[in-house]
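Student: Structure: start-v1.tsv, TSV, C-alpha atoms.
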```tsv
chain	number	residue	atom	x	y	z
C	992	MET	CA	128.80	75.53	118.33
C	993	ASP	CA	125.89	77.43	119.90
C	994	SER	CA	123.80	78.62	116.96
C	995	ARG	CA	122.13	81.25	119.14
C	996	ASN	CA	125.34	83.28	118.99
C	997	PHE	CA	125.57	83.35	115.18
C	998	SER	CA	123.61	84.25	112.07
C	999	LEU	CA	124.00	83.43	108.38
C	1000	MET	CA	125.89	86.70	108.01
C	1001	ASP	CA	128.75	85.28	110.09
C	1002	PHE	CA	129.46	82.63	107.46
C	1003	MET	CA	129.45	84.71	104.30
C	1004	ASN	CA	132.64	84.31	102.30
C	1005	LYS	CA	134.17	87.75	102.78
C	1006	GLY	CA	137.79	88.65	103.33
C	1007	PRO	CA	140.79	86.32	103.30
C	1008	GLN	CA	139.67	82.88	104.44
C	1009	ASP	CA	139.67	79.30	103.23
C	1010	ILE	CA	136.30	78.13	101.90
C	1011	MET	CA	136.80	74.60	103.26
C	1012	ASP	CA	137.35	75.97	106.76
C	1013	LEU	CA	134.36	78.29	106.42
C	1014	ALA	CA	132.13	75.47	105.17
C	1015	GLY	CA	133.24	73.28	108.06
C	1016	ARG	CA	132.29	75.92	110.61
C	1017	PHE	CA	128.99	76.48	108.84
C	1018	GLU	CA	128.27	72.76	109.06
C	1019	GLY	CA	128.67	73.02	112.83
C	1020	PHE	CA	126.24	75.93	112.91
C	1021	GLN	CA	123.72	73.93	110.88
C	1022	GLN	CA	124.11	70.89	113.08
C	1023	ASP	CA	123.33	72.89	116.20
C	1024	LEU	CA	120.27	74.39	114.51
C	1025	PHE	CA	119.14	70.88	113.64
C	1026	GLU	CA	119.60	69.62	117.19
C	1027	ARG	CA	117.48	72.51	118.48
C	1028	ARG	CA	114.89	71.76	115.77
C	1029	HIS	CA	115.40	75.23	114.35
C	1030	LEU	CA	116.47	74.08	110.88
C	1031	ASN	CA	113.25	74.57	108.96
C	1032	TYR	CA	114.70	74.83	105.46
C	1033	ARG	CA	114.69	72.21	102.68
C	1034	ARG	CA	111.90	70.20	104.26
C	1035	VAL	CA	111.01	67.54	101.71
C	1036	SER	CA	107.52	67.44	100.19
C	1037	LEU	CA	106.18	64.05	99.14
C	1038	ASP	CA	103.42	65.29	96.83
C	1039	GLY	CA	104.10	68.87	95.73
C	1040	SER	CA	102.49	72.25	96.33
C	1041	GLN	CA	98.94	72.14	97.68
C	1042	PRO	CA	97.11	73.50	100.76
C	1043	VAL	CA	97.57	70.24	102.68
C	1044	MET	CA	100.92	68.66	101.88
C	1045	ARG	CA	102.68	65.49	102.95
C	1046	VAL	CA	106.13	66.28	104.32
C	1047	LEU	CA	109.00	64.05	105.38
C	1048	ASP	CA	109.83	65.25	108.89
C	1049	PRO	CA	113.58	65.98	108.99
C	1050	TYR	CA	113.81	65.24	112.71
C	1051	ASP	CA	112.15	61.83	113.06
C	1052	GLY	CA	111.90	60.68	109.43
C	1053	ARG	CA	108.14	60.22	109.65
C	1054	GLU	CA	105.54	61.47	107.22
C	1055	ARG	CA	103.55	64.52	108.33
C	1056	GLU	CA	100.37	65.94	106.83
C	1057	MET	CA	100.81	69.70	107.15
C	1058	LEU	CA	98.87	72.86	106.34
C	1059	TYR	CA	101.14	74.50	103.78
C	1060	PHE	CA	101.56	78.26	104.22
C	1061	ALA	CA	104.97	78.66	102.57
C	1062	SER	CA	104.13	78.44	98.88
C	1063	ASN	CA	104.06	81.12	96.18
C	1064	ASP	CA	101.55	78.99	94.26
C	1065	TYR	CA	98.83	81.52	95.07
C	1066	LEU	CA	96.21	80.23	92.61
C	1067	ASN	CA	97.15	76.53	92.96
C	1068	LEU	CA	97.88	76.35	89.25
C	1069	THR	CA	100.72	73.83	89.70
C	1070	ARG	CA	98.04	71.14	89.90
C	1071	HIS	CA	95.44	72.61	87.56
C	1072	PRO	CA	94.30	69.96	85.02
C	1073	LYS	CA	94.72	72.33	82.06
C	1074	MET	CA	98.28	73.09	83.10
C	1075	ILE	CA	99.18	69.43	83.42
C	1076	ALA	CA	97.51	68.50	80.12
C	1077	ALA	CA	99.26	71.31	78.22
C	1078	GLY	CA	102.64	70.28	79.61
C	1079	GLN	CA	102.09	66.62	78.79
C	1080	GLU	CA	101.06	67.40	75.22
C	1081	ALA	CA	104.15	69.57	74.65
C	1082	LEU	CA	106.39	66.92	76.19
C	1083	GLU	CA	105.09	64.34	73.74
C	1084	LYS	CA	105.38	66.67	70.74
C	1085	TYR	CA	108.73	68.39	71.36
C	1086	GLY	CA	110.55	66.14	73.82
C	1087	ALA	CA	112.01	66.91	77.23
C	1088	GLY	CA	114.18	69.91	76.28
C	1089	ALA	CA	114.66	72.68	73.74
C	1090	GLY	CA	118.09	71.38	72.76
C	1091	SER	CA	119.94	74.68	72.43
C	1092	VAL	CA	120.13	78.31	73.47
C	1093	PRO	CA	117.44	80.53	71.90
C	1094	LEU	CA	119.66	82.26	69.31
C	1095	LEU	CA	121.35	79.09	68.07
C	1096	GLY	CA	118.51	76.69	67.41
C	1097	GLY	CA	116.62	76.45	70.69
C	1098	THR	CA	113.69	78.68	69.73
C	1099	LEU	CA	110.54	76.60	69.15
C	1100	ASP	CA	107.29	77.86	67.72
C	1101	ILE	CA	105.73	77.62	71.17
C	1102	HIS	CA	108.41	79.96	72.55
C	1103	VAL	CA	107.39	82.57	70.00
C	1104	GLU	CA	103.70	82.03	70.73
C	1105	LEU	CA	104.30	82.39	74.46
C	1106	GLU	CA	106.28	85.60	73.99
C	1107	LYS	CA	103.39	87.12	72.03
C	1108	LYS	CA	100.97	86.00	74.74
C	1109	VAL	CA	103.13	87.49	77.54
C	1110	ALA	CA	103.43	90.79	75.68
C	1111	ALA	CA	99.67	91.02	75.21
C	1112	PHE	CA	99.03	90.00	78.83
C	1113	LYS	CA	101.36	92.73	80.09
C	1114	GLY	CA	100.23	95.42	77.64
C	1115	CYS	CA	103.61	95.69	75.89
C	1116	GLN	CA	104.79	95.48	72.28
C	1117	ALA	CA	107.02	92.45	72.71
C	1118	ALA	CA	108.48	90.02	75.24
C	1119	LEU	CA	111.09	87.32	75.66
C	1120	VAL	CA	111.13	84.36	78.01
C	1121	PHE	CA	114.01	83.08	80.12
C	1122	SER	CA	114.73	79.80	81.86
C	1123	SER	CA	114.35	81.44	85.29
C	1124	GLY	CA	112.98	84.59	86.85
C	1125	PHE	CA	116.28	85.21	88.61
C	1126	GLY	CA	118.07	84.99	85.27
C	1127	SER	CA	115.63	87.33	83.54
C	1128	ASN	CA	116.34	90.08	86.06
C	1129	CYS	CA	120.11	89.55	86.14
C	1130	GLY	CA	120.48	89.41	82.37
C	1131	ALA	CA	118.08	92.18	81.42
C	1132	ILE	CA	119.28	94.68	84.03
C	1133	ALA	CA	122.97	94.22	83.23
C	1134	ALA	CA	122.25	94.66	79.51
C	1135	LEU	CA	120.04	97.71	79.96
C	1136	LEU	CA	122.50	99.53	82.21
C	1137	GLY	CA	125.64	98.81	80.19
C	1138	GLU	CA	128.85	100.35	81.51
C	1139	GLU	CA	127.59	103.82	82.44
C	1140	GLY	CA	123.91	103.43	83.28
C	1141	ILE	CA	122.65	104.12	86.80
C	1142	ALA	CA	120.23	101.83	88.66
C	1143	ILE	CA	117.90	103.51	91.14
C	1144	LEU	CA	116.56	100.86	93.49
C	1145	ASP	CA	113.95	100.63	96.21
C	1146	THR	CA	115.81	99.37	99.28
C	1147	LEU	CA	113.64	96.22	99.46
C	1148	VAL	CA	114.03	94.95	95.90
C	1149	HIS	CA	114.59	91.25	95.29
C	1150	ALA	CA	118.07	89.70	95.39
C	1151	SER	CA	117.97	89.01	91.64
C	1152	ILE	CA	117.74	92.77	91.02
C	1153	ILE	CA	120.65	93.44	93.35
C	1154	ASP	CA	122.72	90.81	91.56
C	1155	GLY	CA	121.77	92.23	88.16
C	1156	CYS	CA	123.22	95.55	89.31
C	1157	ASP	CA	126.49	94.00	90.51
C	1158	GLY	CA	129.37	96.17	89.34
C	1159	LYS	CA	126.98	98.87	88.10
C	1160	LYS	CA	126.43	102.39	89.42
C	1161	THR	CA	123.60	102.05	91.93
C	1162	LYS	CA	121.57	104.46	94.03
C	1163	PHE	CA	118.90	103.53	96.57
C	1164	PHE	CA	115.75	105.27	97.75
C	1165	ARG	CA	113.81	104.48	100.94
C	1166	HIS	CA	111.14	101.86	100.51
C	1167	ASN	CA	108.05	103.26	98.77
C	1168	ASP	CA	109.15	106.79	99.75
C	1169	MET	CA	108.50	109.19	96.88
C	1170	SER	CA	110.32	112.12	98.45
C	1171	SER	CA	113.42	109.93	98.79
C	1172	LEU	CA	113.12	108.82	95.16
C	1173	GLU	CA	112.69	112.39	93.93
C	1174	SER	CA	115.75	113.46	95.89
C	1175	VAL	CA	117.83	110.82	94.10
C	1176	LEU	CA	116.40	111.80	90.71
C	1177	LYS	CA	117.15	115.48	91.31
C	1178	ARG	CA	120.78	114.70	92.07
C	1179	LEU	CA	121.06	112.74	88.81
C	1180	ALA	CA	119.16	115.22	86.64
C	1181	GLY	CA	120.94	116.24	83.45
C	1182	ARG	CA	123.31	113.26	83.36
C	1183	PRO	CA	123.18	111.89	79.79
C	1184	VAL	CA	123.09	108.20	80.74
C	1185	THR	CA	120.43	105.56	81.23
C	1186	LYS	CA	118.70	106.07	84.56
C	1187	LEU	CA	116.65	102.99	85.42
C	1188	ILE	CA	114.32	102.91	88.43
C	1189	ILE	CA	113.78	99.28	89.47
C	1190	LEU	CA	111.22	98.06	91.97
C	1191	ASP	CA	109.04	95.09	92.89
C	1192	GLY	CA	105.33	95.34	92.11
C	1193	VAL	CA	104.58	93.39	95.30
C	1194	TYR	CA	107.37	93.01	97.84
C	1195	SER	CA	108.10	89.43	98.80
C	1196	MET	CA	109.02	89.95	102.45
C	1197	ASP	CA	106.43	92.59	103.36
C	1198	GLY	CA	103.54	91.84	101.02
C	1199	ASP	CA	102.93	95.51	100.21
C	1200	ILE	CA	102.36	97.08	96.79
C	1201	ALA	CA	104.72	99.54	95.13
C	1202	LYS	CA	103.45	103.06	94.44
C	1203	LEU	CA	103.99	102.41	90.76
C	1204	ASP	CA	101.75	105.18	89.44
C	1205	GLN	CA	103.65	107.83	91.40
C	1206	ILE	CA	107.00	106.32	90.46
C	1207	VAL	CA	106.12	106.43	86.75
C	1208	ASP	CA	105.10	110.09	87.07
C	1209	LEU	CA	108.41	110.98	88.74
C	1210	ALA	CA	110.38	109.00	86.18
C	1211	HIS	CA	108.79	110.87	83.30
C	1212	GLN	CA	109.40	114.18	85.05
C	1213	TYR	CA	113.13	113.47	85.48
C	1214	GLY	CA	113.90	111.54	82.32
C	1215	ALA	CA	114.27	108.08	83.88
C	1216	LEU	CA	112.98	104.67	82.83
C	1217	VAL	CA	110.98	102.32	85.06
C	1218	MET	CA	111.36	98.55	85.40
C	1219	VAL	CA	108.94	96.65	87.63
C	1220	ASP	CA	109.40	93.04	88.75
C	1221	GLU	CA	105.94	91.46	88.77
C	1222	ALA	CA	106.91	88.20	90.47
C	1223	HIS	CA	104.36	88.36	93.31
C	1224	ALA	CA	101.86	90.59	91.48
C	1225	THR	CA	101.08	88.60	88.33
C	1226	GLY	CA	97.86	86.67	88.78
C	1227	VAL	CA	97.20	88.25	92.17
C	1228	ILE	CA	96.46	91.97	91.70
C	1229	GLY	CA	94.72	93.92	88.97
C	1230	ALA	CA	91.11	93.45	87.83
C	1231	ASN	CA	92.19	90.64	85.49
C	1232	GLY	CA	95.29	89.51	87.38
C	1233	ARG	CA	97.67	91.27	85.00
C	1234	GLY	CA	99.62	92.85	87.84
C	1235	THR	CA	100.66	96.21	89.20
C	1236	PRO	CA	100.30	98.34	86.04
C	1237	GLU	CA	96.72	97.10	85.66
C	1238	HIS	CA	96.10	97.66	89.39
C	1239	PHE	CA	96.97	101.36	88.92
C	1240	GLY	CA	95.47	101.73	85.44
C	1241	ILE	CA	98.80	102.52	83.77
C	1242	GLU	CA	99.29	99.56	81.43
C	1243	GLY	CA	101.53	100.53	78.54
C	1244	LYS	CA	103.17	103.34	80.52
C	1245	VAL	CA	105.82	101.22	82.29
C	1246	ASP	CA	109.01	100.91	80.24
C	1247	ILE	CA	110.01	97.37	81.25
C	1248	VAL	CA	107.77	94.78	82.90
C	1249	ALA	CA	109.60	91.69	84.16
C	1250	GLY	CA	108.66	88.72	86.25
C	1251	THR	CA	108.91	85.06	87.04
C	1252	CYS	CA	106.64	82.22	86.01
C	1253	SER	CA	107.16	80.38	89.30
C	1254	LYS	CA	104.67	82.14	91.58
C	1255	ALA	CA	100.96	82.43	90.71
C	1256	ILE	CA	101.71	81.19	87.17
C	1257	GLY	CA	102.75	77.94	88.82
C	1258	VAL	CA	105.64	76.77	86.64
C	1259	VAL	CA	109.25	78.03	86.31
C	1260	GLY	CA	110.99	80.56	84.07
C	1261	GLY	CA	111.00	84.32	83.63
C	1262	PHE	CA	110.00	87.03	81.19
C	1263	VAL	CA	110.74	90.60	80.20
C	1264	ALA	CA	108.13	92.64	78.28
C	1265	SER	CA	108.83	96.04	76.77
C	1266	SER	CA	109.00	97.89	73.44
C	1267	GLN	CA	110.06	95.96	70.34
C	1268	PRO	CA	113.48	97.69	70.11
C	1269	ILE	CA	114.31	96.92	73.76
C	1270	ILE	CA	113.36	93.26	73.40
C	1271	GLU	CA	115.38	92.85	70.21
C	1272	TYR	CA	118.36	94.42	71.98
C	1273	LEU	CA	118.01	91.96	74.86
C	1274	TYR	CA	118.05	89.00	72.46
C	1275	TYR	CA	121.75	89.71	71.90
C	1276	TYR	CA	122.91	91.42	75.11
C	1277	ALA	CA	121.09	89.69	77.98
C	1278	ARG	CA	123.72	87.06	78.75
C	1279	SER	CA	121.39	84.87	80.80
C	1280	TYR	CA	119.18	84.62	77.70
C	1281	MET	CA	121.96	84.16	75.15
C	1282	PHE	CA	123.91	81.56	77.09
C	1283	SER	CA	121.12	79.52	78.72
C	1284	THR	CA	119.23	76.75	76.97
C	1285	ALA	CA	115.72	77.86	76.10
C	1286	PRO	CA	112.90	76.94	78.55
C	1287	THR	CA	111.61	73.38	78.28
C	1288	PRO	CA	108.58	72.72	76.05
C	1289	GLN	CA	106.57	71.43	79.00
C	1290	ALA	CA	107.20	74.62	80.99
C	1291	VAL	CA	106.40	76.87	78.02
C	1292	ALA	CA	103.10	75.15	77.28
C	1293	SER	CA	102.05	75.15	80.93
C	1294	ILE	CA	102.90	78.86	81.28
C	1295	ALA	CA	100.78	79.66	78.23
C	1296	ALA	CA	97.90	77.69	79.74
C	1297	ALA	CA	98.33	79.54	83.04
C	1298	LEU	CA	97.95	82.95	81.38
C	1299	ASP	CA	94.68	81.75	79.86
C	1300	ILE	CA	93.43	80.37	83.17
C	1301	ILE	CA	94.24	83.59	85.04
C	1302	GLN	CA	91.95	85.50	82.68
C	1303	GLU	CA	89.29	82.84	82.10
C	1304	GLU	CA	88.83	81.68	85.70
C	1305	PRO	CA	88.61	84.84	87.86
C	1306	ARG	CA	86.99	82.79	90.63
C	1307	LEU	CA	90.46	81.53	91.58
C	1308	ARG	CA	91.71	85.06	92.24
C	1309	GLN	CA	88.43	85.98	93.94
C	1310	LYS	CA	88.78	83.03	96.31
C	1311	LEU	CA	92.38	84.01	97.04
C	1312	TRP	CA	91.26	87.51	97.99
C	1313	GLN	CA	88.48	86.14	100.19
C	1314	ASN	CA	91.17	84.18	102.03
C	1315	ILE	CA	93.48	87.21	102.20
C	1316	ASN	CA	90.79	89.45	103.70
C	1317	TYR	CA	89.62	86.82	106.18
C	1318	PHE	CA	93.11	85.87	107.38
C	1319	ARG	CA	94.24	89.50	107.58
C	1320	GLN	CA	91.28	90.40	109.78
C	1321	GLY	CA	91.94	87.38	111.98
C	1322	LEU	CA	95.56	88.41	112.48
C	1323	LEU	CA	94.60	92.01	113.20
C	1324	ASP	CA	92.05	90.81	115.75
C	1325	LEU	CA	94.89	88.98	117.51
C	1326	GLY	CA	96.95	92.17	117.60
C	1327	VAL	CA	99.63	90.88	115.25
C	1328	ASN	CA	102.12	93.35	113.74
C	1329	LEU	CA	101.73	92.88	109.97
C	1330	GLY	CA	103.71	95.91	108.88
C	1331	ASN	CA	102.28	97.17	105.56
C	1332	ALA	CA	101.10	93.78	104.26
C	1333	GLU	CA	98.20	94.03	101.80
C	1334	THR	CA	98.41	90.96	99.54
C	1335	ALA	CA	98.77	87.17	99.99
C	1336	ILE	CA	102.05	87.52	101.94
C	1337	PHE	CA	101.73	88.01	105.70
C	1338	PRO	CA	104.83	88.88	107.75
C	1339	ILE	CA	104.16	88.13	111.43
C	1340	ILE	CA	106.78	90.56	112.73
C	1341	ILE	CA	108.30	89.36	116.02
C	1342	GLY	CA	111.56	91.30	116.19
C	1343	ASP	CA	113.54	88.53	117.90
C	1344	ASP	CA	115.47	85.88	115.93
C	1345	TYR	CA	115.33	83.25	118.68
C	1346	LYS	CA	111.59	83.64	119.24
C	1347	VAL	CA	111.04	83.27	115.49
C	1348	LYS	CA	112.99	80.01	115.53
C	1349	GLU	CA	111.04	78.71	118.51
C	1350	LEU	CA	107.72	79.73	116.99
C	1351	CYS	CA	108.54	77.95	113.75
C	1352	ARG	CA	109.65	74.85	115.66
C	1353	GLU	CA	106.32	74.66	117.46
C	1354	LEU	CA	104.31	75.53	114.37
C	1355	HIS	CA	106.04	72.61	112.62
C	1356	GLU	CA	105.16	70.33	115.53
C	1357	ASN	CA	101.55	71.49	115.16
C	1358	ASN	CA	101.64	70.65	111.43
C	1359	ILE	CA	101.70	74.27	110.26
C	1360	TYR	CA	104.34	74.70	107.53
C	1361	VAL	CA	105.65	78.29	107.43
C	1362	ASN	CA	108.95	80.02	106.77
C	1363	PRO	CA	111.13	81.81	109.33
C	1364	VAL	CA	112.77	85.02	108.12
C	1365	PHE	CA	115.50	86.61	110.16
C	1366	TYR	CA	118.78	88.49	109.90
C	1367	PRO	CA	120.39	89.11	107.43
C	1368	ALA	CA	117.33	88.63	105.17
C	1369	VAL	CA	115.66	91.34	107.25
C	1370	PRO	CA	117.00	93.49	110.13
C	1371	SER	CA	116.89	91.69	113.50
C	1372	ARG	CA	114.26	94.14	114.75
C	1373	LEU	CA	112.00	92.92	111.91
C	1374	ALA	CA	112.56	89.15	112.27
C	1375	ARG	CA	109.35	87.40	111.31
C	1376	VAL	CA	107.31	84.32	110.58
C	1377	ARG	CA	106.08	84.50	106.96
C	1378	PHE	CA	102.71	83.10	105.93
C	1379	SER	CA	101.65	82.86	102.27
C	1380	LEU	CA	98.08	82.03	101.32
C	1381	MET	CA	96.66	80.04	98.42
C	1382	GLN	CA	93.17	80.14	96.97
C	1383	GLY	CA	92.79	76.46	97.85
C	1384	HIS	CA	93.03	77.06	101.60
C	1385	SER	CA	89.66	76.44	103.20
C	1386	ARG	CA	88.15	78.54	105.99
C	1387	GLU	CA	88.89	75.62	108.32
C	1388	HIS	CA	92.58	75.70	107.32
C	1389	LEU	CA	92.79	79.40	108.09
C	1390	ASP	CA	90.96	79.05	111.41
C	1391	GLN	CA	93.26	76.22	112.47
C	1392	ALA	CA	96.35	78.29	111.66
C	1393	LEU	CA	94.96	81.31	113.52
C	1394	SER	CA	94.13	79.19	116.57
C	1395	VAL	CA	97.60	77.62	116.80
C	1396	LEU	CA	99.26	80.95	116.12
C	1397	GLU	CA	97.26	82.71	118.83
C	1398	HIS	CA	98.30	80.12	121.41
C	1399	LEU	CA	101.99	80.34	120.47
C	1400	LEU	CA	102.13	84.12	120.21
C	1401	LYS	CA	100.69	84.35	123.73
C	1402	LYS	CA	103.10	81.68	124.98
C	1403	TYR	CA	106.12	83.62	123.66
C	1404	GLU	CA	104.66	87.00	124.64
C	1405	CYS	CA	104.63	88.29	121.07
C	1406	LEU	CA	101.29	90.08	121.05
C	1407	LYS	CA	100.76	93.78	121.75
```
Translate the structure of the given file into C-alpha cells.
Tutor:
Amino acid sequence: MDSRNFSLMDFMNKGPQDIMDLAGRFEGFQQDLFERRHLNYRRVSLDGSQPVMRVLDPYDGREREMLYFASNDYLNLTRHPKMIAAGQEALEKYGAGAGSVPLLGGTLDIHVELEKKVAAFKGCQAALVFSSGFGSNCGAIAALLGEEGIAILDTLVHASIIDGCDGKKTKFFRHNDMSSLESVLKRLAGRPVTKLIILDGVYSMDGDIAKLDQIVDLAHQYGALVMVDEAHATGVIGANGRGTPEHFGIEGKVDIVAGTCSKAIGVVGGFVASSQPIIEYLYYYARSYMFSTAPTPQAVASIAAALDIIQEEPRLRQKLWQNINYFRQGLLDLGVNLGNAETAIFPIIIGDDYKVKELCRELHENNIYVNPVFYPAVPSRLARVRFSLMQGHSREHLDQALSVLEHLLKKYECLK
C-alpha cells in the first residue's frame, strides 16, 4: 500500500464493513508509513518530559537525545521537586489508588481539599475533579445539556467537547467570529432550553486565544451560558496563570470553567468549576464522574502542589513567555506562516501533507522532536508541523531548532 494515496480518514469505521478487514488494511497503511520513516507517533521516551529527552528511535532501535518540542508540560512541572515530593507523600499515606468511585467510597479528604483549591484558583464557588480531562468534558457537557439542551460550539473546539455533545442538538459558529456566534444566538432566541456556548480558552492546534470577554457579553445578551475549556490556558495566560477569565479580567463571570490537569499542571485528571448548585448536580449526573474510580492520591496531591507553584513561582511563567516571544520572532523573521498563534503552541503551516511528513522525518533525524498534524485533524490546506515550547528550553535550544527548521523549510520550498 502506498501511504501517499491515503489519510487516516480513509480508515475510519463508517458504513457496512468488517472491523478485522479494516484493521488489516490500516496495518498496511501504517507499515508503509514506517518504511518511509513518516510514522512519527508513539515514539518511546526513556526518561519522561523535559526539554532534552532520550528517545528510543523506532527505525534503528538506538537511543537518541532529542530537543523535545512536542510536550504540553509548559512549565516543566512534571519534574518539579515539590510535585514529586507531594505525590510520594500521598502515595505512602493513602496507597496507590482511591479504591472506589467518588460517590461510593472513593472520596478522600485530599479530593475535597483539591476541589476547594481548584474553585478558588478559578474564581468559582465550587469544583469537582475527574480522572481525566477528556472525561470531565464528556461527562459534564452531556449532563448539562440533558435531552433538549443546545450546544453552541466554536468550530475548532477539542475532540472531548465534540464527543460530549454526541447525540445532542449542536450548532457551530466560525472560529472566534463574534458575528457568526451572534447569528446563531439570534436564531435560538426565545427557546426555553439550556443554550450552552462551549469554547477552548487557548486552541490546541492554532495556539490562539478565545475572545472570551466578547463571548460572555453575547451570552448574557441572549440568555445563554458559557463553558470554557482551560486545558492550554491554565498556568500559561493571565497575570497569575489562572487562565482565560483572568486574562480578560472576567473571573467569576464565566458559568462553567473546565480543564485538564495534564498540560501546564503537569499531572493527569480533569476538573469542572462552577456555582455550587451546578457542581452538586454534576456529582450525580456526570456519568464519567459517577462511574470512574476517583483520581489517584498521588495525582491529587501533585495537582494541588502544582496550583501552589503556579502562583508562588511566577518566574516559570515569565521564562515561558520569554521563550514564546523569542521563538515567535525567530519564526516570523524566517517568513513562517504561524496563522493566529499567540501562546506556547506554534503551528508551522505548510499546506501539504507529504511535505509535512518529510519535514518531520528530517527534523527527527536532526534530533528535533515535533508533531506532524495533517488531514483529517486539520484541512489539507492547513497541514502543519506543531511546535510546543517549555519554560525549560534554553536560548541555545531555540536557536538550534530555528537553524534546522530554516534549512529544511528552504529545502522543501515552504517559505514565502
Student: Ranking C:Arg1375, C:Lys1005, C:Lys1162, C:Lys1202 by minimum distance to Gly1330 (chain C) and counting all atoms listed in the file, which one comes first?
Tutor: C:Arg1375
Student: Sorted by chain and rising residue number, list the residues of region 1220-1319 of chain C at most 12 Å from region 1384-1395 of chain C (counting all atoms listed in the file), each with its closest atom pair and distance in Å to one decimal, as a Markdown table.
Tutor:
```
| residue | atom | partner | partner_atom | distance |
| --- | --- | --- | --- | --- |
| C:Leu1307 | CA | C:His1384 | CA | 11.3 |
| C:Lys1310 | CA | C:His1384 | CA | 9.0 |
| C:Leu1311 | CA | C:His1384 | CA | 8.3 |
| C:Trp1312 | CA | C:His1384 | CA | 11.2 |
| C:Gln1313 | CA | C:Arg1386 | CA | 9.6 |
| C:Asn1314 | CA | C:His1384 | CA | 7.4 |
| C:Ile1315 | CA | C:Leu1389 | CA | 9.8 |
| C:Asn1316 | CA | C:Leu1389 | CA | 11.1 |
| C:Tyr1317 | CA | C:Leu1389 | CA | 8.3 |
| C:Phe1318 | CA | C:Leu1389 | CA | 6.5 |
| C:Arg1319 | CA | C:Leu1393 | CA | 10.1 |
```
Student: Please determine, counting only C-alpha atoms, which residue among C:Asp1208, C:Ala1249, C:Asp1343, C:Lys1254 has the shortest atom-to-atom distance to Pro1370 (chain C).
Tutor: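 For Pro1370 (chain C), the nearest of the given residues is C:Asp1343.
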Student: Give me the residues near Tyr1366 (chain C) as a JSON list (two decimals) with C-alpha atoms, in the coordinates of the input, where near means some atom within 9 Å (using only C-alpha atoms) and where sequence neighbours in that chain fewer than 6 positions away do not count.
Tutor:
```
[["chain", "number", "residue", "atom", "x", "y", "z"],
["C", 998, "SER", "CA", 123.61, 84.25, 112.07],
["C", 999, "LEU", "CA", 124.00, 83.43, 108.38],
["C", 1000, "MET", "CA", 125.89, 86.70, 108.01],
["C", 1344, "ASP", "CA", 115.47, 85.88, 115.93],
["C", 1372, "ARG", "CA", 114.26, 94.14, 114.75],
["C", 1373, "LEU", "CA", 112.00, 92.92, 111.91],
["C", 1374, "ALA", "CA", 112.56, 89.15, 112.27]]
```
Student: Which protein, DNA or RNA residues have an atom at most 8 Å from (104.5, 95.4, 98.9), counting all atoms listed in the file? List them as number ranges by chain.
Tutor: C: 1191-1201, 1331-1334
Student: Can you tell me how far CA of Lys1160 (chain C) sits from CA of Ser1174 (chain C), in Å to one decimal?
Tutor: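 Pair CA of Lys1160 (chain C) / CA of Ser1174 (chain C) returns 16.7 Å.
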Student: What's the separation between CA of Tyr1403 (chain C) and CA of Asp1001 (chain C), in Å to one decimal place?
Tutor: 26.4 Å
